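Shown next, in structure tokens, is the structure this report addresses.
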Amino acid sequence: MATSPGRNTVSASQLQGYIDRIERLRAEKKQIGEDEKAVFAELKAAGFTPARVRDVLKIRDAKPGDYDEAKAELDMYLHALGMERESPLFQAVGLMDVDITARDQVIEAFKLLVPKKGEIIVKIGKTPVRLWRDSDGEAHAEDYREPKAAAQSSAVQQAAQPRKEVPDVDDAGAEVLGAEAYKANEPITSNPFPWDDKRRQAFDKGWRDASGTDGMGPGGD
Amino acid sequence: MVSRVPQRLESFGDILTPEEASEPILAAPVRAALMEWLEEIWAKDELEAVGLKPRRRAIFTGIPGTGKTTLAHHLAARLGLPMLLVRPEQFLSEYVGASARAIGQLFQCVQAQETPVFLFFDEFDSMAAKRMTGGKNQVAEQDHNHQINTLLKSLDTLDTFAVAATNFGDRIDEAVWRRFEIQIDLAAPGDAERRRILERYFAPFMLPRFALDELSEAMATATPALMRQFCEHIKRQIIVGPKANWDMRREAVLVRVLETVKPHPDAGLPRLWSRKLDDRACAALPWPLQKNLDAYPEPSAPAADASGVVTDFKPRGR
Ligand SMILES: Nc1ncnc2c1ncn2[C@@H]1O[C@H](COP(=O)(O)OP(=O)(O)OP(=O)(O)O)[C@@H](O)[C@H]1O
Ligand SMILES: [Mg+2]
């Protein structure tokens with residue numbers, strides 16, 4: 001039978017070397033860990049929050065791209081759950097209803113966000129504000145008159161848009177159209193005139209008179 | 001970055017167009033009140049000339065299925081305005097201040113529209129419950145009270161039409177309630193209304209008058225929503241049944257319908273649902289249903305049903 005490797009073979013002493021090195025490194029690591037703890041204790045004593053400092057370290061560790069991505073993702077999740085955190089800007093926005101000076105604070109906060117090239121238009125309170133930077137890089141704000149349609153919800157616009165063409169008739173003509181619509185078995189809500197057109201009521205009246213009802217189904221019997 | 005302020009009106013609820021509206025069938029006094037409101041809105045200029053404004057806010061109370069949503073939509077359609085159906089879930093949040101903020105955003109968003117939006121608040125009680133003073137959970141109470149204050153302020157500045165609906169009028173905060181200038185209670189329909197509801201939802205099938213009378217009587221205390229389901233389910237059976245080889249005799253159809261369409265346990269049980277086939281309204285229902293009253297055999301003659309089985313068909317003298 002072949003001899004099994006004895007205690008003092010070459011491989012055994014090699015192994016001993018590795019183990020010694022690892023043990024030394026471990027001792028060092030322990031020492032470093034303790035040193036780190038001491039730094040944390042020190043910064044805590046100085047009034048910093050250790051947990052936040054750890055967060056900062058983690059962020060400094062990560063690649064910038066990875067961090068931005070993670071942050072956007074976190075924001076999105078929080079938003080989806082309706083629990084997004086409020087930055088001071090949004091607190092100021094929340095206060096705007098009750099505190100008129102809050103509007104200025106919001107505008108100041110927005111100034112910081114204005115890019116070098118380009119502009120931001122925000123509706124702060126009732127009036128929109130345009131923010132931009134001049135050639136010296138200084139941010140400015142001015143009230144902005146928006147083209148009205150921009151604020152429109154497209155669904156509302158569509159809903160309010162009469163489906164049919166608005167007939168070219170006067171009030172009396174609209175009343176006749178209402179009566180005709182009734183006779184053609186069209187609902188009273190098939191009124192082709194928009195909400196702010198006086199002829200809308202004339203059509204409604206024509207329909208009601210022709211049906212002898214108020215437009216909400218047949219009269220009582 | 002993700003936008004934090006939902007600017008789009010759609011994010012607060014569904015937008016219903018005038019075309020989709022149907023007219024509710026209501027008792028005469030309610031209709032008169034609504035017609036009065038419409039006329040008032042249309043007389044806006046004349047009222048303003050003497051320093052008055054048309055009323056803009058109404059609250060509808062009534063048990064589920066009495067037509068609160070249908071009525072609001074009908075009004076919006078008569079005015080030619082899109083209706084935003086605001087559901088309360090959007091405003092429930094466990095985060096302090098979030099509900100009040102969302103309410104503020106909604107009103108701001110509505111005000112920003114060029115075309116006025118007819119606002120409809122469904123299940124308003126969950127948004128405008130009475131303010132609390134119990135002192136049990138101060139944060140929650142203050143938050144809710146803050147929400148009510150925001151709502152009050154928003155309603156005061158709102159210059160479009162708003163209708164709120166609730167099954168529990170008594171739960172609404174008094175100050176909020178006062179902001180609604182018109183209060184309408186939608187009760188369960190009366191006899192005449194029930195007949196018209198049956199006619200509408202049985203169409204294109206037509207029922208002879210005595211059958212309508214019987215059915216309407218047997219359905220006293222039913223809501224329009226329940227009656228609609230009942231009629232539509234019968235019509236569905238008439239269409240699908242023969243293809244699916246179901247038993248299409250009157251009793252078989254009625255049993256199937258009465259088994260699947262049921263009033264809410266809290267609502268009173270209409271006679272038809274307690275007596276079922278024993279109810280005389282069942283015996284009075286001519287079968288098969290016809291689209292033309294002349295197609296029914298003479299009332300005194302026994303009628304043959306779809307499968308050729310003769311059913312007893314004896315209207316009560318009326
Ligand atoms: N008065 C009515 N006339 C005709 N149909 C009605 C009437 N009331 C309700 N309906 C029908 O019943 C269904 C439910 O009605 P609706 O949603 O308007 O009731 P609601 O009072 O708003 O109920 P909820 O309290 O559950 O919201 C609708 O499909 C509608 O067509
Ligand atoms: Mg409803």
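Just so we're on the same page: first chain in the structure tokens is A, next is B, and so on; residues restart at 1 for each chain, and ligands are numbered from 1 in the order they show up.
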
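For segment 169-185 of chain A, the residues within 10 Å (counting only C-alpha atoms, excluding itself and residues fewer than 6 positions away along the chain) are Asn191, Pro192, Phe193, Asp197, Lys198, Arg199, Arg200, Gln201, Ala202, Phe203, Asp204, Lys205, Gly206, Trp207, Arg208, Asp209, Ala210, Ser211 and Gly215 of chain A.
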
Write the residues you've just listed into a file as a tab-separated table (two decimals), in the first residue's frame, and include N, CA, C and O atoms for each of them.
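Everything below was put into out_29.tsv:
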chain	number	residue	atom	x	y	z
A	191	ASN	N	-79.49	66.40	-29.37
A	191	ASN	CA	-79.35	67.85	-29.62
A	191	ASN	C	-77.99	68.18	-30.28
A	191	ASN	O	-76.95	67.92	-29.70
A	192	PRO	N	-78.00	68.76	-31.49
A	192	PRO	CA	-76.72	69.00	-32.18
A	192	PRO	C	-76.04	70.31	-31.78
A	192	PRO	O	-74.94	70.58	-32.24
A	193	PHE	N	-76.70	71.12	-30.95
A	193	PHE	CA	-76.11	72.43	-30.62
A	193	PHE	C	-75.25	72.32	-29.37
A	193	PHE	O	-75.62	71.64	-28.42
A	197	ASP	N	-74.67	77.33	-26.73
A	197	ASP	CA	-75.41	77.88	-27.86
A	197	ASP	C	-76.87	77.99	-27.44
A	197	ASP	O	-77.48	77.01	-27.01
A	198	LYS	N	-77.42	79.19	-27.56
A	198	LYS	CA	-78.82	79.41	-27.14
A	198	LYS	C	-79.79	78.48	-27.85
A	198	LYS	O	-80.86	78.16	-27.34
A	199	ARG	N	-79.38	78.06	-29.05
A	199	ARG	CA	-80.29	77.21	-29.82
A	199	ARG	C	-80.44	75.82	-29.20
A	199	ARG	O	-81.34	75.09	-29.53
A	200	ARG	N	-79.52	75.48	-28.28
A	200	ARG	CA	-79.64	74.18	-27.63
A	200	ARG	C	-80.96	74.09	-26.85
A	200	ARG	O	-81.65	73.08	-26.90
A	201	GLN	N	-81.31	75.17	-26.15
A	201	GLN	CA	-82.57	75.15	-25.40
A	201	GLN	C	-83.76	75.15	-26.35
A	201	GLN	O	-84.80	74.57	-26.06
A	202	ALA	N	-83.61	75.84	-27.48
A	202	ALA	CA	-84.72	75.90	-28.43
A	202	ALA	C	-85.01	74.49	-28.97
A	202	ALA	O	-86.16	74.07	-29.06
A	203	PHE	N	-83.94	73.76	-29.28
A	203	PHE	CA	-84.10	72.38	-29.76
A	203	PHE	C	-84.79	71.55	-28.68
A	203	PHE	O	-85.75	70.82	-28.93
A	204	ASP	N	-84.32	71.69	-27.44
A	204	ASP	CA	-84.88	70.94	-26.32
A	204	ASP	C	-86.38	71.23	-26.18
A	204	ASP	O	-87.20	70.33	-26.03
A	205	LYS	N	-86.71	72.52	-26.29
A	205	LYS	CA	-88.11	72.93	-26.15
A	205	LYS	C	-88.94	72.33	-27.27
A	205	LYS	O	-90.03	71.81	-27.05
A	206	GLY	N	-88.40	72.39	-28.50
A	206	GLY	CA	-89.12	71.84	-29.64
A	206	GLY	C	-89.43	70.36	-29.45
A	206	GLY	O	-90.54	69.90	-29.69
A	207	TRP	N	-88.44	69.64	-28.95
A	207	TRP	CA	-88.61	68.20	-28.71
A	207	TRP	C	-89.69	67.97	-27.65
A	207	TRP	O	-90.59	67.15	-27.82
A	208	ARG	N	-89.59	68.75	-26.54
A	208	ARG	CA	-90.54	68.58	-25.44
A	208	ARG	C	-91.96	68.90	-25.89
A	208	ARG	O	-92.90	68.16	-25.60
A	209	ASP	N	-92.11	70.02	-26.61
A	209	ASP	CA	-93.45	70.42	-27.04
A	209	ASP	C	-94.05	69.36	-27.96
A	209	ASP	O	-95.22	69.01	-27.84
A	210	ALA	N	-93.23	68.85	-28.87
A	210	ALA	CA	-93.74	67.86	-29.81
A	210	ALA	C	-94.15	66.58	-29.08
A	210	ALA	O	-95.12	65.92	-29.45
A	211	SER	N	-93.42	66.22	-28.02
A	211	SER	CA	-93.72	64.97	-27.33
A	211	SER	C	-94.76	65.17	-26.24
A	211	SER	O	-95.35	64.21	-25.75
A	215	GLY	N	-89.22	65.22	-21.63
A	215	GLY	CA	-88.03	64.58	-22.19
A	215	GLY	C	-87.53	63.43	-21.35
A	215	GLY	O	-86.54	62.80	-21.68

Select residues of chain B: the criterion is any atom within 6 Å of an atom of chain A, counting only C-alpha atoms; output as a ChimeraX atom specification.
-> /B:17,23,77-82,113

Keeping only N, CA and C atoms, take the residues you just selected and write them out as a PDB file, in the first residue's frame.
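Listed below is the output, part34.pdb:
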ATOM      1  N   THR B  17     -69.965  60.832 -22.137  1.00  0.00           N
ATOM      2  CA  THR B  17     -70.406  61.805 -23.127  1.00  0.00           C
ATOM      3  C   THR B  17     -71.931  61.867 -23.167  1.00  0.00           C
ATOM      4  N   GLU B  23     -82.634  58.292 -20.582  1.00  0.00           N
ATOM      5  CA  GLU B  23     -83.431  59.055 -19.634  1.00  0.00           C
ATOM      6  C   GLU B  23     -83.994  58.161 -18.542  1.00  0.00           C
ATOM      7  N   ALA B  77     -76.278  65.500 -20.180  1.00  0.00           N
ATOM      8  CA  ALA B  77     -76.516  65.343 -21.619  1.00  0.00           C
ATOM      9  C   ALA B  77     -77.503  66.394 -22.122  1.00  0.00           C
ATOM     10  N   ARG B  78     -78.503  66.698 -21.329  1.00  0.00           N
ATOM     11  CA  ARG B  78     -79.448  67.748 -21.743  1.00  0.00           C
ATOM     12  C   ARG B  78     -78.719  69.067 -21.892  1.00  0.00           C
ATOM     13  N   LEU B  79     -77.764  69.313 -20.992  1.00  0.00           N
ATOM     14  CA  LEU B  79     -77.009  70.563 -21.066  1.00  0.00           C
ATOM     15  C   LEU B  79     -75.943  70.509 -22.152  1.00  0.00           C
ATOM     16  N   GLY B  80     -75.631  69.311 -22.620  1.00  0.00           N
ATOM     17  CA  GLY B  80     -74.608  69.175 -23.660  1.00  0.00           C
ATOM     18  C   GLY B  80     -73.204  69.178 -23.105  1.00  0.00           C
ATOM     19  N   LEU B  81     -73.067  68.767 -21.842  1.00  0.00           N
ATOM     20  CA  LEU B  81     -71.750  68.784 -21.211  1.00  0.00           C
ATOM     21  C   LEU B  81     -71.246  67.374 -20.938  1.00  0.00           C
ATOM     22  N   PRO B  82     -69.933  67.185 -21.037  1.00  0.00           N
ATOM     23  CA  PRO B  82     -69.370  65.906 -20.617  1.00  0.00           C
ATOM     24  C   PRO B  82     -69.462  65.792 -19.099  1.00  0.00           C
ATOM     25  N   GLN B 113     -60.466  73.518 -17.313  1.00  0.00           N
ATOM     26  CA  GLN B 113     -61.031  73.091 -18.598  1.00  0.00           C
ATOM     27  C   GLN B 113     -61.731  74.249 -19.276  1.00  0.00           C
TER      28      GLN B 113
END

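When only C-alpha atoms are used to compute distances to Gln90 of chain B, the closest of the residues B:Asp45, B:Gly13, B:Gln105, B:Ser154 turns out to be B:Gly13.
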
Check which residues fall inside 12 Å of ligand 2 when counting only C-alpha atoms and all ligand atoms, and print them as an MDAnalysis selection string.
-> chainID B and resid 60:73 85:88 120:124 163:167 186 225

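For Pro50 of chain A, the non-local neighbours within 9 Å, defined as residues at least 4 positions apart in the same chain or in other chains and counting only C-alpha atoms, are Phe40, Ala41, Leu43, Lys44, Arg54 and Asp55 of chain A.
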
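Of the listed residues (B:Met127, B:Leu226, B:Ala244, B:Ala281), B:Leu226 comes nearest to Leu269 of chain B; the distances count only C-alpha atoms.
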
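Around segment 133-144 of chain B, within 8 Å and counting only C-alpha atoms, the residues found are Val96, Gly97, Ala100, Arg131, His146, Gln147 and Ile148 of chain B, once anything fewer than 2 positions away on its own chain is removed.
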
Take the selection from the previous step and output its residues with N, CA and C atoms, as a tab-separated table (two decimals), in the first residue's frame.
chain	number	residue	atom	x	y	z
B	96	VAL	N	-51.51	61.37	5.65
B	96	VAL	CA	-52.05	62.63	6.14
B	96	VAL	C	-51.96	63.69	5.05
B	97	GLY	N	-53.08	64.33	4.81
B	97	GLY	CA	-53.08	65.44	3.86
B	97	GLY	C	-53.29	65.02	2.42
B	100	ALA	N	-57.01	65.53	1.01
B	100	ALA	CA	-57.33	66.94	0.82
B	100	ALA	C	-56.62	67.47	-0.42
B	131	ARG	N	-67.76	65.74	9.94
B	131	ARG	CA	-66.51	65.98	10.65
B	131	ARG	C	-66.57	65.34	12.02
B	146	HIS	N	-59.72	68.44	7.76
B	146	HIS	CA	-59.00	69.23	6.77
B	146	HIS	C	-59.54	68.93	5.38
B	147	GLN	N	-59.83	67.65	5.14
B	147	GLN	CA	-60.37	67.24	3.85
B	147	GLN	C	-61.73	67.91	3.61
B	148	ILE	N	-62.57	67.92	4.64
B	148	ILE	CA	-63.89	68.54	4.50
B	148	ILE	C	-63.75	70.03	4.24

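Comparing B:Lys291, B:Arg178, B:Arg228, B:Lys153 by their smallest distance to ligand 1, the closest is B:Arg228 (using only C-alpha atoms and all ligand atoms).
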